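Below is data.cif, holding mmCIF, C-alpha atoms.
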```
data_model
loop_
_atom_site.label_atom_id
_atom_site.label_comp_id
_atom_site.auth_asym_id
_atom_site.auth_seq_id
_atom_site.Cartn_x
_atom_site.Cartn_y
_atom_site.Cartn_z
CA MET A 293 12.22 -28.90 -13.42
CA LYS A 294 11.40 -32.08 -15.39
CA LYS A 295 14.74 -33.65 -14.32
CA MET A 296 13.94 -32.92 -10.68
CA LEU A 297 10.58 -34.63 -10.99
CA PHE A 298 12.10 -37.70 -12.70
CA LEU A 299 14.85 -38.17 -10.12
CA ALA A 300 12.45 -37.79 -7.21
CA ALA A 301 10.20 -40.46 -8.67
CA ALA A 302 13.14 -42.80 -9.29
CA LEU A 303 14.75 -42.61 -5.86
CA PRO A 304 12.37 -45.02 -4.03
CA LEU A 305 13.02 -47.77 -6.58
CA ALA A 306 16.78 -47.29 -6.74
CA GLY A 307 17.13 -47.27 -2.96
CA GLY A 308 14.61 -50.04 -2.28
CA LEU A 309 12.58 -47.69 -0.06
CA ALA A 310 9.19 -48.04 -1.71
CA ALA A 311 7.51 -48.23 1.69
CA HIS A 312 8.61 -44.67 2.48
CA LYS A 313 6.89 -41.93 0.52
CA PRO A 314 9.35 -39.13 -0.27
CA ALA A 315 8.44 -35.46 -0.22
CA PRO A 316 7.36 -34.36 -3.69
CA ALA A 317 9.84 -32.32 -5.68
CA ALA A 318 7.20 -29.81 -6.65
CA LEU A 319 3.78 -28.41 -5.85
CA PHE A 320 1.26 -27.20 -8.39
CA VAL A 321 -0.66 -23.98 -7.86
CA THR A 322 -3.81 -23.14 -9.81
CA VAL A 323 -5.05 -19.55 -9.79
CA ARG A 324 -8.52 -18.75 -11.11
CA ASN A 325 -10.08 -15.37 -11.96
CA ARG A 326 -13.87 -15.48 -11.72
CA LEU A 327 -14.31 -11.94 -13.06
CA SER A 328 -15.16 -11.16 -16.67
CA VAL A 329 -12.34 -8.57 -16.72
CA ALA A 330 -8.60 -9.14 -16.92
CA ARG A 331 -6.38 -8.69 -13.85
CA PRO A 332 -3.03 -7.40 -15.16
CA ALA A 333 -0.91 -7.42 -11.97
CA GLU A 334 -2.19 -9.61 -9.15
CA THR A 335 -0.19 -10.63 -6.10
CA ILE A 336 -0.63 -14.29 -5.17
CA SER A 337 0.05 -14.91 -1.48
CA LEU A 338 0.60 -18.47 -0.25
CA PRO A 339 0.98 -19.26 3.46
CA LEU A 340 4.10 -21.38 3.92
CA SER A 341 1.96 -23.78 5.94
CA GLN A 342 0.50 -24.85 2.58
CA LEU A 343 3.98 -25.56 1.21
CA LYS A 344 5.22 -27.99 3.87
CA ALA A 345 5.71 -30.68 1.25
CA LEU A 346 8.67 -28.66 -0.05
CA GLY A 347 10.42 -28.85 3.33
CA PRO A 348 10.14 -27.24 6.77
CA ALA A 349 9.16 -23.60 6.46
CA THR A 350 11.89 -22.52 8.86
CA SER A 351 14.65 -24.11 6.75
CA LEU A 352 13.50 -23.05 3.31
CA ARG A 353 16.17 -21.03 1.56
CA GLY A 354 13.49 -19.97 -0.84
CA VAL A 355 10.99 -21.22 -3.36
CA VAL A 356 11.39 -21.29 -7.12
CA VAL A 357 8.15 -20.25 -8.85
CA GLU A 358 7.78 -21.31 -12.48
CA ASP A 359 5.02 -20.54 -14.97
CA ALA A 360 3.67 -23.97 -15.90
CA GLN A 361 2.91 -22.93 -19.47
CA THR A 362 6.03 -20.95 -20.42
CA GLN A 363 8.51 -22.46 -17.89
CA ALA A 364 9.60 -18.90 -17.09
CA VAL A 365 10.93 -18.44 -13.54
CA LEU A 366 9.00 -15.66 -11.79
CA THR A 367 10.23 -13.14 -9.26
CA SER A 368 9.06 -14.13 -5.78
CA GLN A 369 9.42 -12.94 -2.19
CA LEU A 370 9.38 -14.71 1.16
CA LEU A 371 7.59 -12.48 3.67
CA ASP A 372 7.88 -12.46 7.45
CA SER A 373 4.51 -10.82 8.14
CA ASN A 374 4.65 -10.98 11.95
CA ALA A 375 8.33 -10.02 12.43
CA ASP A 376 9.24 -13.19 14.35
CA GLY A 377 12.30 -13.84 12.21
CA GLN A 378 10.73 -16.64 10.19
CA PRO A 379 9.00 -16.34 6.78
CA ASP A 380 5.23 -16.83 6.78
CA GLU A 381 4.15 -16.23 3.18
CA LEU A 382 5.37 -16.67 -0.36
CA LEU A 383 4.48 -13.87 -2.77
CA PHE A 384 4.62 -13.72 -6.55
CA GLN A 385 2.71 -11.84 -9.22
CA ALA A 386 0.87 -12.83 -12.36
CA ALA A 387 -1.55 -11.47 -14.94
CA LEU A 388 -4.89 -13.26 -15.14
CA PRO A 389 -7.12 -13.10 -18.23
CA ALA A 390 -10.85 -12.52 -17.89
CA LYS A 391 -12.52 -15.71 -16.60
CA GLY A 392 -9.08 -17.26 -16.89
CA THR A 393 -6.93 -19.79 -15.08
CA ARG A 394 -3.16 -20.03 -14.77
CA GLN A 395 -0.94 -22.70 -13.25
CA PHE A 396 2.43 -22.48 -11.55
CA VAL A 397 5.02 -25.01 -10.35
CA LEU A 398 6.79 -24.50 -7.02
CA ALA A 399 10.02 -26.18 -5.89
CA ALA A 400 12.30 -25.61 -2.92
CA GLY A 401 15.51 -23.79 -3.75
CA ALA A 402 17.13 -20.42 -4.12
CA PRO A 403 15.11 -18.31 -6.56
CA ALA A 404 16.80 -16.40 -9.34
CA PRO A 405 18.37 -13.13 -8.15
CA VAL A 406 16.18 -10.06 -8.54
CA PRO A 407 17.71 -7.70 -11.14
CA ALA A 408 19.30 -4.72 -9.42
CA ASP A 409 17.64 -2.33 -11.84
CA GLY A 410 14.25 -4.08 -11.85
CA PRO A 411 11.02 -2.67 -10.43
CA THR A 412 10.67 -3.01 -6.69
CA THR A 413 8.99 -1.70 -3.55
CA PHE A 414 10.73 0.18 -0.77
CA ALA A 415 10.17 1.92 2.55
CA ARG A 416 12.35 3.54 5.19
CA PHE A 417 12.58 5.98 8.05
CA VAL A 418 14.15 9.28 6.88
CA PRO A 419 16.07 11.00 9.71
CA GLU A 420 17.82 13.33 7.27
CA ARG A 421 14.50 15.12 6.64
CA THR A 422 13.55 15.56 10.31
CA ASP A 423 11.89 12.14 10.71
CA ASP A 424 9.66 11.35 7.76
CA PHE A 425 8.64 7.82 6.86
CA ALA A 426 8.45 7.23 3.10
CA TRP A 427 7.43 4.32 0.86
CA GLU A 428 7.13 3.65 -2.88
CA ASN A 429 6.82 1.21 -5.76
CA GLU A 430 7.39 1.72 -9.48
CA ARG A 431 4.20 3.79 -9.86
CA VAL A 432 3.69 5.95 -6.75
CA ALA A 433 5.39 7.23 -3.59
CA PHE A 434 4.11 8.48 -0.23
CA ARG A 435 5.33 9.86 3.07
CA THR A 436 4.11 10.80 6.53
CA TYR A 437 5.61 12.54 9.57
CA GLY A 438 7.27 11.55 12.85
CA PRO A 439 7.66 12.81 16.43
CA ASN A 440 10.64 15.11 15.90
CA ALA A 441 8.72 17.00 13.23
CA GLU A 442 5.93 17.45 15.77
CA GLN A 443 8.36 18.71 18.42
CA LEU A 444 9.83 21.25 15.98
CA PHE A 445 6.32 22.39 15.10
CA ASP A 446 5.54 22.95 18.78
CA LYS A 447 8.69 25.10 19.00
CA LYS A 448 7.49 27.09 15.97
CA ASP A 449 10.50 25.89 13.98
CA PRO A 450 9.79 26.26 10.22
CA ASN A 451 11.13 22.72 9.69
CA GLY A 452 8.38 21.29 11.90
CA THR A 453 5.26 19.50 10.69
CA LEU A 454 2.17 18.55 12.69
CA SER A 455 0.17 16.02 10.69
CA SER A 456 -0.92 12.40 10.66
CA GLY A 457 -2.13 12.87 7.08
CA MET A 458 -0.64 10.96 4.13
CA ASP A 459 1.39 12.84 1.53
CA CYS A 460 1.73 12.02 -2.19
CA TRP A 461 5.07 12.18 -3.96
CA LEU A 462 4.33 12.44 -7.66
CA LYS A 463 6.88 10.29 -9.46
CA ARG A 464 6.94 9.65 -13.21
CA VAL A 465 9.78 7.15 -13.47
CA PRO A 466 9.68 3.41 -12.66
CA TYR A 467 12.87 3.33 -10.58
CA PRO A 468 13.08 4.24 -6.85
CA ILE A 469 13.30 7.94 -6.06
CA ILE A 470 13.06 8.21 -2.26
CA ASP A 471 16.79 8.08 -1.54
CA LYS A 472 17.61 10.29 -4.52
CA TRP A 473 15.08 13.00 -3.68
CA TYR A 474 16.03 13.14 -0.03
CA GLY A 475 19.65 13.24 -1.17
CA ARG A 476 18.85 16.34 -3.21
CA HIS A 477 17.27 17.83 -0.09
CA VAL A 478 20.49 17.25 1.88
CA HIS A 479 23.16 17.91 -0.73
CA GLU A 480 21.62 20.40 -3.19
CA LYS A 481 19.25 22.61 -1.26
CA PRO A 482 16.53 22.14 1.38
CA PHE A 483 13.29 20.80 -0.08
CA ALA A 484 14.79 20.39 -3.57
CA TYR A 485 12.20 17.64 -4.16
CA HIS A 486 9.59 20.37 -4.63
CA THR A 487 11.13 20.99 -8.06
CA ASP A 488 10.62 18.54 -10.95
CA ILE A 489 13.85 17.82 -12.84
CA GLY A 490 12.33 15.04 -14.94
CA GLU A 491 11.46 12.39 -12.34
CA GLY A 492 8.52 14.06 -10.60
CA TYR A 493 8.20 16.19 -7.47
CA ASP A 494 6.20 16.95 -4.33
CA PRO A 495 3.63 19.69 -4.95
CA TYR A 496 0.95 18.02 -2.81
CA HIS A 497 -0.20 19.88 0.30
CA VAL A 498 -1.36 17.93 3.37
CA GLY A 499 -1.24 20.35 6.30
CA THR A 500 -3.82 19.43 8.91
CA SER A 501 -5.96 17.60 6.35
CA ARG A 502 -6.06 13.82 6.04
CA GLY A 503 -4.17 13.98 2.75
CA VAL A 504 -4.78 10.70 0.94
CA GLY A 505 -6.10 8.17 3.44
CA GLY A 506 -5.40 9.71 6.84
CA THR A 507 -7.91 8.63 9.49
CA GLY A 508 -9.88 9.93 12.45
CA VAL A 509 -13.10 9.56 14.41
CA LEU A 510 -16.11 11.61 13.27
CA ASP A 511 -18.40 12.60 16.13
CA GLY A 512 -20.92 15.41 16.34
CA GLY A 513 -19.83 16.78 12.98
CA LYS A 514 -16.18 17.10 14.08
CA LEU A 515 -13.27 14.92 13.00
CA TYR A 516 -10.93 13.95 15.85
CA ILE A 517 -7.43 12.92 14.77
CA SER A 518 -4.07 11.73 16.04
CA LYS A 519 -0.82 13.67 15.89
CA ASN A 520 2.36 12.41 14.21
CA PHE A 521 3.40 8.77 14.47
CA THR A 522 5.62 8.02 17.48
CA SER A 523 7.33 4.80 16.36
CA TYR A 524 7.75 2.61 13.30
CA LYS A 525 8.77 -0.94 12.40
CA VAL A 526 9.73 -2.14 8.93
CA LEU A 527 8.43 -5.68 8.43
CA ALA A 528 9.47 -6.24 4.81
CA THR A 529 10.80 -4.59 1.71
CA GLY A 530 11.14 -6.48 -1.51
CA PRO A 531 10.39 -6.92 -5.17
CA ILE A 532 6.69 -7.67 -4.57
CA ARG A 533 5.61 -6.02 -1.32
CA THR A 534 6.73 -3.55 1.34
CA VAL A 535 5.14 -3.75 4.82
CA PHE A 536 5.65 -1.55 7.89
CA GLU A 537 3.88 -0.46 11.07
CA LEU A 538 3.26 3.03 12.44
CA THR A 539 2.19 3.58 16.06
CA TYR A 540 0.63 6.76 17.46
CA ALA A 541 0.46 8.24 20.95
CA PRO A 542 -2.97 8.00 22.64
CA TRP A 543 -5.26 10.78 21.45
CA ASP A 544 -8.67 12.17 22.37
CA ALA A 545 -11.84 11.58 20.38
CA ASN A 546 -14.49 13.63 22.13
CA GLY A 547 -13.78 12.24 25.59
CA ARG A 548 -12.49 8.82 24.48
CA SER A 549 -8.83 7.88 24.80
CA VAL A 550 -7.83 6.24 21.52
CA THR A 551 -4.80 4.09 20.72
CA GLU A 552 -3.89 3.61 17.08
CA LYS A 553 -1.62 1.43 14.97
CA LYS A 554 -1.45 1.18 11.19
CA ILE A 555 -0.06 -1.80 9.29
CA ILE A 556 0.72 -0.36 5.88
CA SER A 557 1.70 -2.24 2.73
CA LEU A 558 2.28 -1.44 -0.92
CA ASP A 559 2.47 -4.01 -3.71
CA LEU A 560 4.32 -3.74 -6.97
CA GLY A 561 2.03 -2.51 -9.75
CA SER A 562 -0.51 -0.82 -7.48
CA ASN A 563 -1.39 2.87 -7.24
CA LEU A 564 -3.09 2.27 -3.88
CA THR A 565 -1.51 1.65 -0.49
CA ARG A 566 -3.23 -0.91 1.75
CA TYR A 567 -3.97 0.25 5.31
CA GLU A 568 -4.92 -2.10 8.13
CA GLU A 569 -6.13 0.42 10.69
CA LYS A 570 -6.34 -0.76 14.31
CA LEU A 571 -8.19 1.45 16.82
CA THR A 572 -8.99 0.78 20.47
CA ALA A 573 -10.49 3.11 23.08
CA ASP A 574 -11.58 3.21 26.70
CA LYS A 575 -15.14 3.84 25.49
CA PRO A 576 -16.89 2.58 22.33
CA LEU A 577 -15.97 4.46 19.17
CA PRO A 578 -18.73 5.44 16.73
CA ASN A 579 -16.58 4.90 13.62
CA CYS A 580 -13.24 5.10 11.91
CA THR A 581 -13.36 7.79 9.23
CA ILE A 582 -11.00 7.87 6.24
CA GLY A 583 -10.31 11.29 4.74
CA LEU A 584 -9.41 12.56 1.28
CA THR A 585 -8.49 16.24 1.10
CA LEU A 586 -10.17 18.54 -1.43
CA HIS A 587 -7.57 21.30 -1.11
CA GLU A 588 -9.29 24.48 -2.37
CA ALA A 589 -12.30 22.40 -3.46
CA LYS A 590 -11.86 23.49 -7.08
CA GLY A 591 -11.58 19.96 -8.43
CA GLU A 592 -14.16 17.32 -9.28
CA VAL A 593 -15.60 14.80 -6.82
CA LYS A 594 -17.06 11.42 -7.68
CA ALA A 595 -18.10 8.43 -5.60
CA ASP A 596 -19.70 5.01 -5.91
CA ARG A 597 -21.01 4.23 -2.44
CA GLN A 598 -22.33 0.82 -3.42
CA ALA A 599 -18.93 -0.30 -4.74
CA GLY A 600 -17.05 1.46 -1.91
CA TRP A 601 -14.87 4.08 -3.60
CA CYS A 602 -14.54 7.85 -3.87
CA ARG A 603 -12.13 10.14 -5.64
CA TYR A 604 -11.01 13.70 -6.29
CA TRP A 605 -9.62 14.96 -9.61
CA GLU A 606 -7.80 18.31 -9.48
CA LYS A 607 -5.39 20.50 -11.40
CA ILE A 608 -1.95 20.86 -9.82
CA ASP A 609 0.44 23.13 -11.70
CA ASP A 610 0.46 22.02 -15.37
CA SER A 611 -1.11 18.58 -14.89
CA CYS A 612 -3.97 16.79 -13.14
CA LEU A 613 -4.00 14.46 -10.17
CA GLY A 614 -6.56 11.88 -9.18
CA THR A 615 -6.69 10.71 -5.56
CA GLY A 616 -8.95 8.01 -4.20
CA VAL A 617 -10.04 5.69 -1.40
CA VAL A 618 -11.42 2.16 -1.79
CA VAL A 619 -13.01 0.22 1.05
CA ALA A 620 -15.00 -3.00 1.09
CA PRO A 621 -18.71 -2.04 1.34
CA ARG A 622 -19.15 -4.26 4.41
CA TYR A 623 -17.18 -1.68 6.41
CA LEU A 624 -18.91 1.40 5.02
CA LEU A 625 -21.43 3.31 7.15
CA ASP A 626 -21.60 6.61 5.29
CA TYR A 627 -19.98 8.78 2.66
CA GLN A 628 -19.82 12.55 3.17
CA ASP A 629 -18.68 15.40 0.95
CA HIS A 630 -17.60 17.76 3.71
CA ARG A 631 -16.95 21.39 2.74
CA SER A 632 -15.50 23.92 5.16
CA ALA A 633 -14.24 27.51 5.11
CA GLU A 634 -11.49 26.40 7.50
CA LYS A 635 -8.11 25.72 5.87
CA ASP A 636 -7.44 22.07 5.00
CA GLN A 637 -10.83 20.91 6.29
CA SER A 638 -12.73 20.37 3.03
CA GLN A 639 -12.54 16.59 2.65
CA LEU A 640 -14.36 13.51 1.49
CA TYR A 641 -15.18 11.17 4.37
CA MET A 642 -15.57 7.40 4.11
CA VAL A 643 -17.16 6.62 7.48
CA THR A 644 -16.53 2.98 8.40
CA LYS A 645 -17.37 0.56 11.18
CA PRO A 646 -14.29 -1.46 12.21
CA THR A 647 -14.61 -5.20 12.80
CA GLN A 648 -13.02 -6.11 16.15
CA GLY A 649 -11.26 -2.75 16.12
CA THR A 650 -9.83 -3.12 12.62
CA VAL A 651 -10.75 -1.72 9.23
CA VAL A 652 -8.89 -2.37 5.96
CA PHE A 653 -8.90 0.17 3.16
CA TYR A 654 -6.82 1.33 0.20
CA ALA A 655 -5.78 4.87 -0.71
CA GLY A 656 -3.55 6.39 -3.35
CA PHE A 657 -3.29 8.44 -6.51
CA GLY A 658 -2.79 8.58 -10.24
CA TRP A 659 -0.83 11.46 -11.77
CA GLN A 660 -1.64 12.51 -15.32
CA LYS A 661 1.96 13.48 -16.02
CA SER A 662 3.19 9.97 -15.21
CA GLY A 663 1.43 8.73 -18.33
CA GLN A 664 -0.68 6.21 -16.37
CA PHE A 665 -4.02 8.06 -16.49
CA ALA A 666 -4.90 10.59 -19.18
CA THR A 667 -8.33 11.61 -17.88
CA ALA A 668 -10.57 11.53 -14.82
CA ALA A 669 -12.53 8.75 -16.53
CA ASP A 670 -9.36 6.64 -16.67
CA TRP A 671 -8.84 7.13 -12.93
CA ASP A 672 -12.49 6.27 -12.26
CA ALA A 673 -12.12 3.07 -14.27
CA TYR A 674 -9.04 2.11 -12.26
CA LEU A 675 -10.79 2.61 -8.91
CA ALA A 676 -13.92 0.78 -10.10
CA ALA A 677 -11.85 -2.17 -11.31
CA PHE A 678 -9.85 -2.20 -8.07
CA ALA A 679 -13.07 -2.33 -6.03
CA GLN A 680 -14.36 -5.12 -8.26
CA ARG A 681 -11.20 -7.18 -7.76
CA LEU A 682 -11.33 -6.55 -4.02
CA ALA A 683 -14.86 -7.96 -3.93
CA SER A 684 -13.84 -11.05 -5.93
CA PRO A 685 -10.54 -12.44 -4.66
CA LEU A 686 -8.56 -14.88 -6.78
CA GLU A 687 -9.25 -18.57 -6.13
CA VAL A 688 -5.99 -20.34 -5.34
CA THR A 689 -5.48 -24.09 -4.88
CA VAL A 690 -2.24 -25.91 -4.02
CA LYS A 691 -1.68 -29.59 -4.78
#
```
Would you mind writing the structure in this file as structure tokens?
Amino acid sequence: MKKMLFLAAALPLAGGLAAHKPAPAALFVTVRNRLSVARPAETISLPLSQLKALGPATSLRGVVVEDAQTQAVLTSQLLDSNADGQPDELLFQAALPAKGTRQFVLAAGAPAPVPADGPTTFARFVPERTDDFAWENERVAFRTYGPNAEQLFDKKDPNGTLSSGMDCWLKRVPYPIIDKWYGRHVHEKPFAYHTDIGEGYDPYHVGTSRGVGGTGVLDGGKLYISKNFTSYKVLATGPIRTVFELTYAPWDANGRSVTEKKIISLDLGSNLTRYEEKLTADKPLPNCTIGLTLHEAKGEVKADRQAGWCRYWEKIDDSCLGTGVVVAPRYLLDYQDHRSAEKDQSQLYMVTKPTQGTVVFYAGFGWQKSGQFATAADWDAYLAAFAQRLASPLEVTVK
């Protein structure tokens, strides 16, 4: 990196072109954490419009990101967030100490290859299991259900599923498991992923509930919901972030025709999926309500309305699971602990008011058997810290 800087500085003199200012060989990024707590795995996102000095965004083969203190080259990812075929953002991750600052050096060029066996994020459509859509990182995995599963359900086929809820796949290994578990389903026996052979399994029941972060419209004490997603689009998969879209057929919310699209992303190192929920209707909607199922309501509920999070801690088989939702308090209208004798309808509700038809929230889980969270208090601390970081974004400057 130092040689690059020296040569770039020398070129104007050697070529007699002092009147023409060359593009700098590097940019310097300063990242500041204003919180009095450490941030162990933060994604830094830089719009490529801020990196024009490295070359035209459309011709960049990549960007090399170097830790200014250690000179270590960091894993990075160019992200095409609007699916127009051109990258829009540069992503990399770093740990920030409490009240700390870190600096990074950026240069145009092909970044170091990502290790094939390194941690990553992933998402894909799964036609071999009807038509699930599944996503994961090194800590958690999720899935939801597509139109063919809905059609089979309508035909009373046992392979059918009618649900727009979000399912948890409880993994306890850092490597990807989606392809492997669905492979067991196809090649070993149907639904083999319900059995834990050392990597985790799927004991989580969604049914007609919202699962972990499914949405709806609450009106007159009733929650109105969509059916299965009808189409999908993968926007990115990579070592830092996976992004995809799910679209739903119009559905009724107490006399209102609602259209719905979710932009869903999962970052490396996070137990929570980010949802950008977009709702429109032919008549004004009273809210967008995020649900968290309580199953048989035998677990423990906790919430911090002021900070914007709620959770459920329950026993599943021989271990415990914590699920949770985090939303910025500016969106939050109400929190409700809704209990019902009807199957799958006991749920926590985070009732939100979208801004211009959009609300952003985070939902996910922590499994005791994964070794990440030993107690409910550990899960509470994670959600509280997540909400705190959400309320105090990193300060990033580029020079």
Checklist entry - Nearest to A:Val432 among A:Phe678, A:Phe414, A:Tyr516, A:Trp671, with distances taken over only C-alpha atoms: which residue is it? => result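 Of the candidates, the smallest distance to A:Val432 is held by A:Phe414.
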Next on the checklist: Expand the PyMOL selection byres ((chain A and resi 536) around 8) into the explicit residue set it covers here, and present it as a list in words.
Outcome noted: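 This file, filtered by the PyMOL selection byres ((chain A and resi 536) around 8), leaves Ala415, Tyr524, Lys525, Val526, Leu527, Ala528, Thr534, Val535, Glu537, Leu538, Ile555, Ile556 and Ser557 of chain A.
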Checklist entry - Which one of A:Gly508, A:Gly614, A:Gly475, A:Gly583 sits closest to A:Asp629 if you count only C-alpha atoms? => result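 Ranking A:Gly508, A:Gly614, A:Gly475, A:Gly583 by distance to A:Asp629, first place goes to A:Gly583.
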Item to check | Residues near A:Gly505, cut-off 9 Å, only C-alpha atoms, skip fewer than 4 positions along chain, as a PyMOL selection string | outcome: chain A and resi 457-458+565+567+582-585+616-617+653-656
Next on the checklist: Since I can't run it myself right now, could you work out what the PyMOL selection byres ((chain A and resi 501) around 9) selects here and report it as a VMD selection string?
Outcome noted: chain A and resid 455 to 458 497 to 500 502 to 504 506 583 to 587 635 to 639
